[in-house]
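Structure data follow from my_file19.txt (compact mmCIF, C-alpha atoms):
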```txt
# COMPACT_ATOMS: atom_id res chain seq x y z
CA MET A 1 0.00 0.00 0.00
CA GLU A 2 2.74 2.44 0.97
CA SER A 3 4.51 2.13 -2.36
CA GLY A 4 1.55 3.84 -4.02
CA ALA A 5 1.04 0.96 -6.44
CA LEU A 6 -2.73 1.03 -5.84
CA ALA A 7 -4.91 4.09 -6.05
CA GLY A 8 -8.54 5.16 -6.17
CA ALA A 9 -11.13 2.52 -6.91
CA GLU A 10 -8.58 -0.27 -7.00
CA LEU A 11 -7.33 0.60 -3.51
CA THR A 12 -10.91 0.75 -2.23
CA GLU A 13 -11.68 -2.65 -3.73
CA HIS A 14 -8.57 -4.21 -2.17
CA ALA A 15 -9.50 -2.71 1.22
CA ARG A 16 -13.07 -4.02 0.88
CA GLU A 17 -11.79 -7.53 0.12
CA ALA A 18 -9.33 -7.38 3.04
CA ILE A 19 -12.10 -6.35 5.44
CA LEU A 20 -14.38 -9.14 4.19
CA ARG A 21 -11.57 -11.71 4.60
CA THR A 22 -10.99 -10.49 8.15
CA LEU A 23 -14.71 -10.70 8.96
CA THR A 24 -14.88 -14.19 7.46
CA ALA A 25 -12.30 -15.41 9.98
CA ALA A 26 -14.13 -14.03 13.03
CA PRO A 27 -16.46 -11.19 13.99
CA LYS A 28 -14.71 -7.94 14.84
CA SER A 29 -15.61 -4.52 16.19
CA ARG A 30 -15.37 -1.50 13.95
CA ARG A 31 -12.27 -0.27 15.79
CA GLN A 32 -10.56 -3.67 15.48
CA LEU A 33 -11.16 -3.61 11.74
CA MET A 34 -9.94 -0.03 11.43
CA ASP A 35 -6.78 -0.83 13.41
CA ALA A 36 -6.09 -4.04 11.45
CA MET A 37 -6.56 -2.40 8.06
CA THR A 38 -4.51 0.64 9.07
CA ARG A 39 -1.67 -1.69 10.08
CA LYS A 40 -1.91 -3.23 6.61
CA GLY A 41 -1.36 0.24 5.15
CA TYR A 42 -4.85 1.25 4.05
CA PRO A 43 -5.50 4.96 4.65
CA PRO A 44 -8.37 5.98 6.97
CA GLU A 45 -10.02 8.03 4.19
CA VAL A 46 -10.47 4.78 2.21
CA LEU A 47 -11.55 2.72 5.23
CA GLU A 48 -14.12 5.06 6.78
CA PRO A 49 -16.68 4.89 3.93
CA LEU A 50 -16.24 1.13 3.65
CA LEU A 51 -16.77 0.59 7.37
CA GLU A 52 -19.82 2.89 7.29
CA ARG A 53 -21.32 0.84 4.48
CA PHE A 54 -20.58 -2.46 6.23
CA GLU A 55 -22.39 -1.10 9.29
CA GLU A 56 -25.38 -0.06 7.17
CA VAL A 57 -25.76 -3.55 5.71
CA GLY A 58 -25.17 -5.25 9.07
CA LEU A 59 -21.78 -6.85 8.47
CA ILE A 60 -20.37 -4.80 11.34
CA ASP A 61 -22.54 -4.49 14.43
CA ASP A 62 -20.70 -3.51 17.59
CA ALA A 63 -23.78 -4.04 19.78
CA GLU A 64 -24.31 -7.59 18.52
CA TYR A 65 -20.59 -8.30 18.77
CA ALA A 66 -20.50 -7.02 22.37
CA GLY A 67 -23.54 -9.16 23.24
CA MET A 68 -21.83 -12.23 21.80
CA ILE A 69 -18.67 -11.53 23.80
CA VAL A 70 -20.71 -11.16 27.00
CA ARG A 71 -22.63 -14.41 26.41
CA THR A 72 -19.58 -16.48 25.58
CA ARG A 73 -17.20 -15.07 28.17
CA HIS A 74 -19.72 -15.30 30.99
CA GLY A 75 -21.45 -18.51 29.97
CA GLU A 76 -18.45 -20.55 28.87
CA ARG A 77 -15.57 -19.09 30.85
CA GLY A 78 -17.40 -17.73 33.87
CA LEU A 79 -15.82 -14.28 33.63
CA SER A 80 -17.23 -11.50 35.79
CA ARG A 81 -18.85 -8.40 34.33
CA ARG A 82 -15.76 -6.39 35.31
CA ALA A 83 -13.42 -8.69 33.35
CA ILE A 84 -15.76 -8.71 30.35
CA ALA A 85 -16.02 -4.91 30.43
CA GLN A 86 -12.22 -4.68 30.24
CA GLU A 87 -12.17 -7.04 27.29
CA LEU A 88 -14.86 -5.03 25.49
CA ARG A 89 -12.84 -1.84 26.01
CA ARG A 90 -9.74 -3.53 24.56
CA LYS A 91 -11.79 -4.55 21.52
CA GLY A 92 -12.90 -0.97 20.92
CA ILE A 93 -16.50 -1.19 22.12
CA ASP A 94 -17.73 2.14 23.48
CA ASP A 95 -18.93 2.34 27.08
CA GLU A 96 -22.61 2.80 26.21
CA THR A 97 -22.68 -0.27 23.96
CA ALA A 98 -20.70 -2.28 26.51
CA THR A 99 -23.10 -1.33 29.30
CA GLY A 100 -26.06 -2.42 27.19
CA ALA A 101 -24.42 -5.77 26.46
CA LEU A 102 -23.38 -6.29 30.08
CA ASP A 103 -26.99 -5.81 31.19
CA GLN A 104 -27.52 -9.43 30.05
CA VAL A 105 -25.69 -10.53 33.22
CA ASP A 106 -27.19 -9.52 36.57
CA ASP A 107 -25.82 -9.98 40.11
CA ASP A 108 -27.56 -13.33 40.52
CA ASP A 109 -26.10 -14.66 37.26
CA GLU A 110 -22.66 -13.51 38.30
CA ASN A 111 -22.94 -15.09 41.76
CA ASP A 112 -24.24 -18.35 40.28
CA ALA A 113 -21.33 -18.48 37.82
CA ALA A 114 -18.81 -17.78 40.60
CA ARG A 115 -20.38 -20.43 42.84
CA ASP A 116 -20.21 -22.97 40.01
CA LEU A 117 -16.54 -22.15 39.42
CA VAL A 118 -15.83 -22.54 43.16
CA ARG A 119 -17.54 -25.93 43.29
CA ARG A 120 -15.70 -27.23 40.27
CA ARG A 121 -12.30 -26.03 41.48
CA LEU A 122 -12.83 -27.31 45.02
CA ALA A 123 -13.77 -30.71 43.63
CA ARG A 124 -10.39 -30.84 41.88
CA THR A 125 -8.49 -29.93 45.04
CA THR A 126 -10.00 -32.48 47.42
CA GLY A 127 -7.33 -33.85 49.73
CA LEU A 128 -5.23 -30.70 49.80
CA ASP A 129 -4.82 -28.47 52.84
CA ARG A 130 -7.72 -26.05 53.45
CA GLU A 131 -5.46 -22.98 53.06
CA VAL A 132 -4.07 -24.25 49.77
CA ARG A 133 -7.56 -24.90 48.47
CA MET A 134 -8.75 -21.45 49.53
CA ARG A 135 -5.74 -19.72 47.99
CA ARG A 136 -6.13 -21.54 44.69
CA VAL A 137 -9.86 -20.96 44.37
CA VAL A 138 -9.74 -17.31 45.45
CA GLY A 139 -6.86 -16.73 43.02
CA MET A 140 -8.79 -18.35 40.19
CA LEU A 141 -11.82 -16.15 40.88
CA ALA A 142 -9.62 -13.04 41.07
CA ARG A 143 -8.17 -13.84 37.64
CA LYS A 144 -11.72 -14.06 36.32
CA GLY A 145 -12.50 -10.60 37.69
CA TYR A 146 -14.45 -11.41 40.86
CA SER A 147 -13.99 -9.32 43.99
CA PRO A 148 -11.96 -10.78 46.87
CA GLY A 149 -14.92 -10.40 49.25
CA LEU A 150 -17.24 -12.42 47.04
CA ALA A 151 -14.56 -15.00 46.38
CA LEU A 152 -13.77 -15.53 50.06
CA SER A 153 -17.41 -15.75 51.09
CA LEU A 154 -18.25 -18.27 48.36
CA VAL A 155 -15.21 -20.42 49.13
CA ARG A 156 -16.05 -20.43 52.83
CA GLU A 157 -19.68 -21.35 52.11
CA GLU A 158 -18.68 -24.21 49.85
CA LEU A 159 -16.05 -25.50 52.26
CA ALA A 160 -18.64 -25.38 55.05
CA ARG A 161 -21.06 -27.23 52.77
CA GLU A 162 -18.41 -29.92 52.36
CA GLY A 163 -18.31 -30.17 56.15
CA ASP A 164 -15.07 -28.30 56.64
CA GLU A 165 -14.98 -26.10 59.74
CA ALA A 166 -14.63 -22.38 59.09
CA ASP A 167 -11.54 -20.99 60.70
CA GLU A 168 -11.52 -18.11 63.14
CA GLU A 169 -9.28 -15.76 61.18
CA PRO A 170 -11.27 -12.92 59.59
CA TYR A 171 -9.89 -13.54 56.10
CA GLY A 172 -9.06 -17.21 56.33
CA GLY A 173 -5.36 -16.50 56.72
CA PHE A 174 -5.17 -14.07 53.81
CA ASP A 175 -4.00 -11.08 55.86
CA ASP A 176 -2.24 -9.53 52.89
CA LEU A 177 -5.35 -9.16 50.69
```

Can the structure in the file be given as structure tokens, please?
Amino acid sequence: MESGALAGAELTEHAREAILRTLTAAPKSRRQLMDAMTRKGYPPEVLEPLLERFEEVGLIDDAEYAGMIVRTRHGERGLSRRAIAQELRRKGIDDETATGALDQVDDDDENDAARDLVRRRLARTTGLDREVRMRRVVGMLARKGYSPGLALSLVREELAREGDEADEEPYGGFDDL
């Protein structure tokens, strides 16, 4: 592109084909497409009208893309709303669109997902020391964007449900949290 070998309608057609190839591989946000095509050397004045047209015909839909990200990241990976919001920002989704997509997940959904993650991880750590189990599960939830308070309370509940006695320390030995 930078050599100037393509110009005008030919450059626009090459950019259109490159955008379509990128969209064929996986859905993308408008900003992701703009960034990817700019890195390939297409000028913004060629890309803007193409991206506008793709939005008009529905090939680019940031709201739908954000909704898909929320459904998959929460449903399949158990990520918290906070972690998903960060991912949406990285993908170029504006705050208003992200908020609308994140409304699919309420507090109950988030707590249920966290509880499910805790149960599954605790089941894999049976036989280990209580402190080790707590540290591993709380760490896993933290990496998925859950607050330390929620993580500790859910781990304690599930350990108590297993019949494990709750310890007397206020944070289960995690004084440095």

Of A:Glu55, A:Glu64, A:Asp116, A:Asp94, the one nearest to Leu141 of chain A when counting all atoms listed in the file is A:Asp116

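The list of residues with at least one atom within 7 Å of segment 31-39 of chain A, based on all atoms listed in the file and without residues fewer than 3 positions apart in the same chain, reads Ile19, Lys28, Tyr42, Pro43, Pro44, Leu47, Lys91 and Gly92 of chain A.
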
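Distance-wise, atom CA of Ile60 of chain A and atom CA of Leu23 of chain A end up 8.5 Å apart.
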
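Across the structure, atom CA of Thr97 of chain A and atom CA of Tyr65 of chain A are spaced 9.8 Å apart.
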
If we count all atoms listed in the file and set the cut-off at 9 Å, which residues sit around Ala66 of chain A, ignoring sequence neighbours fewer than 3 positions away in its own chain? Please answer as a VMD selection string.
chain A and resid 29 61 to 63 69 to 71 88 93 97 to 98 100 to 102

Contacts of Thr12 of chain A at 10 Å (only C-alpha atoms; same-chain gap of 5+ positions) as a PyMOL selection string
chain A and resi 6-7+17-18+42-43+45-47+49-50

Starting from the sparse input, extend segment 41-55 of chain A to N, CA and C atoms and give the output as a short mmCIF file (atom, residue, chain, number, x, y, z; two decimals), in the frame of the given file.
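Everything below was put into result_25.cif:
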```cif
data_model
loop_
_atom_site.label_atom_id
_atom_site.label_comp_id
_atom_site.auth_asym_id
_atom_site.auth_seq_id
_atom_site.Cartn_x
_atom_site.Cartn_y
_atom_site.Cartn_z
N GLY A 41 -1.75 -0.87 6.02
CA GLY A 41 -1.36 0.24 5.15
C GLY A 41 -2.50 0.93 4.43
N TYR A 42 -3.73 0.57 4.70
CA TYR A 42 -4.85 1.25 4.05
C TYR A 42 -5.10 2.58 4.76
N PRO A 43 -5.28 3.64 4.01
CA PRO A 43 -5.50 4.96 4.65
C PRO A 43 -6.91 5.08 5.22
N PRO A 44 -7.05 5.81 6.33
CA PRO A 44 -8.37 5.98 6.97
C PRO A 44 -9.43 6.56 6.02
N GLU A 45 -9.03 7.43 5.10
CA GLU A 45 -10.02 8.03 4.19
C GLU A 45 -10.61 7.00 3.22
N VAL A 46 -9.92 5.88 3.02
CA VAL A 46 -10.47 4.78 2.21
C VAL A 46 -11.32 3.87 3.10
N LEU A 47 -10.87 3.66 4.33
CA LEU A 47 -11.55 2.72 5.23
C LEU A 47 -12.86 3.24 5.79
N GLU A 48 -12.92 4.51 6.14
CA GLU A 48 -14.12 5.06 6.78
C GLU A 48 -15.40 4.81 5.98
N PRO A 49 -15.44 5.15 4.68
CA PRO A 49 -16.68 4.89 3.93
C PRO A 49 -17.02 3.40 3.83
N LEU A 50 -15.99 2.57 3.72
CA LEU A 50 -16.24 1.13 3.65
C LEU A 50 -16.83 0.62 4.96
N LEU A 51 -16.26 1.03 6.08
CA LEU A 51 -16.77 0.59 7.37
C LEU A 51 -18.18 1.11 7.62
N GLU A 52 -18.45 2.34 7.18
CA GLU A 52 -19.82 2.89 7.29
C GLU A 52 -20.80 2.01 6.52
N ARG A 53 -20.44 1.66 5.32
CA ARG A 53 -21.32 0.84 4.48
C ARG A 53 -21.51 -0.55 5.09
N PHE A 54 -20.45 -1.14 5.60
CA PHE A 54 -20.58 -2.46 6.23
C PHE A 54 -21.48 -2.39 7.45
N GLU A 55 -21.47 -1.27 8.17
CA GLU A 55 -22.39 -1.10 9.29
C GLU A 55 -23.83 -0.98 8.80
#
```
